[in-house]
Amino acid sequence: MTGRLVSNTGPVIALALIDRIDILQKLFQQVSIPDAVHKELLEGGSSGHGLPSYNKATWIQVLPLSIALDPLLSFT
């Protein structure tokens, strides 16, 4: 297929849980996630559900955050 997808955590987790993350690769030419989403997926809570499937998806590009967050938006 054609097109580019930048995804948040939800769709990646949902497809990884059912071991069908490959659907994204079939639908889109390029699949990217922000670095924060990548970190959230790796944390995976105490269960780590879907993590093995996500780790096998080496075709997902992790995008660094190129614009600094406004300090007022930061939760620290």
# chains A, B, ... in the order shown; residues from 1 in each chain; ligands from 1
>>> residues_around(residues="Gly10 in chain A", least_positions_apart="3", cutoff="12 Å", atoms="only C-alpha atoms", output="list in words")
Val6, Ser7, Ile13, Ala14, Leu15, Ala16, Leu17, Ile21, Ile33, Val37, His38, Glu40, Leu41, Gly44 and Gly50 of chain A
>>> select_by_dssp(residues="chain A", states="alpha helix (DSSP H)", output="VMD selection string")
chain A and resid 9 to 17 22 to 27 35 to 43 51 to 56
>>> atom_distance(atom1="CA of Pro11 in chain A", atom2="CA of Leu72 in chain A")
28.0 Å
>>> atom_distance(atom1="CA of Lys26 in chain A", atom2="CA of Ala57 in chain A")
12.1 Å
>>> select_by_dssp(residues="chain A", states="strand (DSSP E or B)", output="ChimeraX atom specification")
/A:4-6,30-34,60-63
>>> atom_distance(atom1="CA of Lys39 in chain A", atom2="CA of Trp59 in chain A")
16.4 Å
>>> residues_around(residues="Gln29 in chain A", least_positions_apart="6", cutoff="12 Å", atoms="only C-alpha atoms", output="VMD selection string")
chain A and resid 1 to 6 22 to 23 59 to 61
>>> write_last_selection(atoms="C-alpha atoms", output="PDB file, in the first residue's frame")
ATOM      1  CA  MET A   1       0.000   0.000   0.000  1.00  0.00           C
ATOM      2  CA  THR A   2       0.962   3.628   0.045  1.00  0.00           C
ATOM      3  CA  GLY A   3       0.952   6.357   2.616  1.00  0.00           C
ATOM      4  CA  ARG A   4       2.540   7.074   5.922  1.00  0.00           C
ATOM      5  CA  LEU A   5       1.209   6.409   9.406  1.00  0.00           C
ATOM      6  CA  VAL A   6       2.306   8.110  12.611  1.00  0.00           C
ATOM      7  CA  ASP A  22       1.939  -6.806  10.539  1.00  0.00           C
ATOM      8  CA  ILE A  23      -1.382  -5.346   9.376  1.00  0.00           C
ATOM      9  CA  TRP A  59      10.147  -1.915  10.294  1.00  0.00           C
ATOM     10  CA  ILE A  60       8.479   0.581  12.679  1.00  0.00           C
ATOM     11  CA  GLN A  61      10.450   3.812  12.663  1.00  0.00           C
TER      12      GLN A  61
END
>>> closest_residue(among="A:Ser32, A:Tyr54, A:Leu42, A:Asn8", to="Arg20 in chain A", atoms="only C-alpha atoms")
A:Tyr54
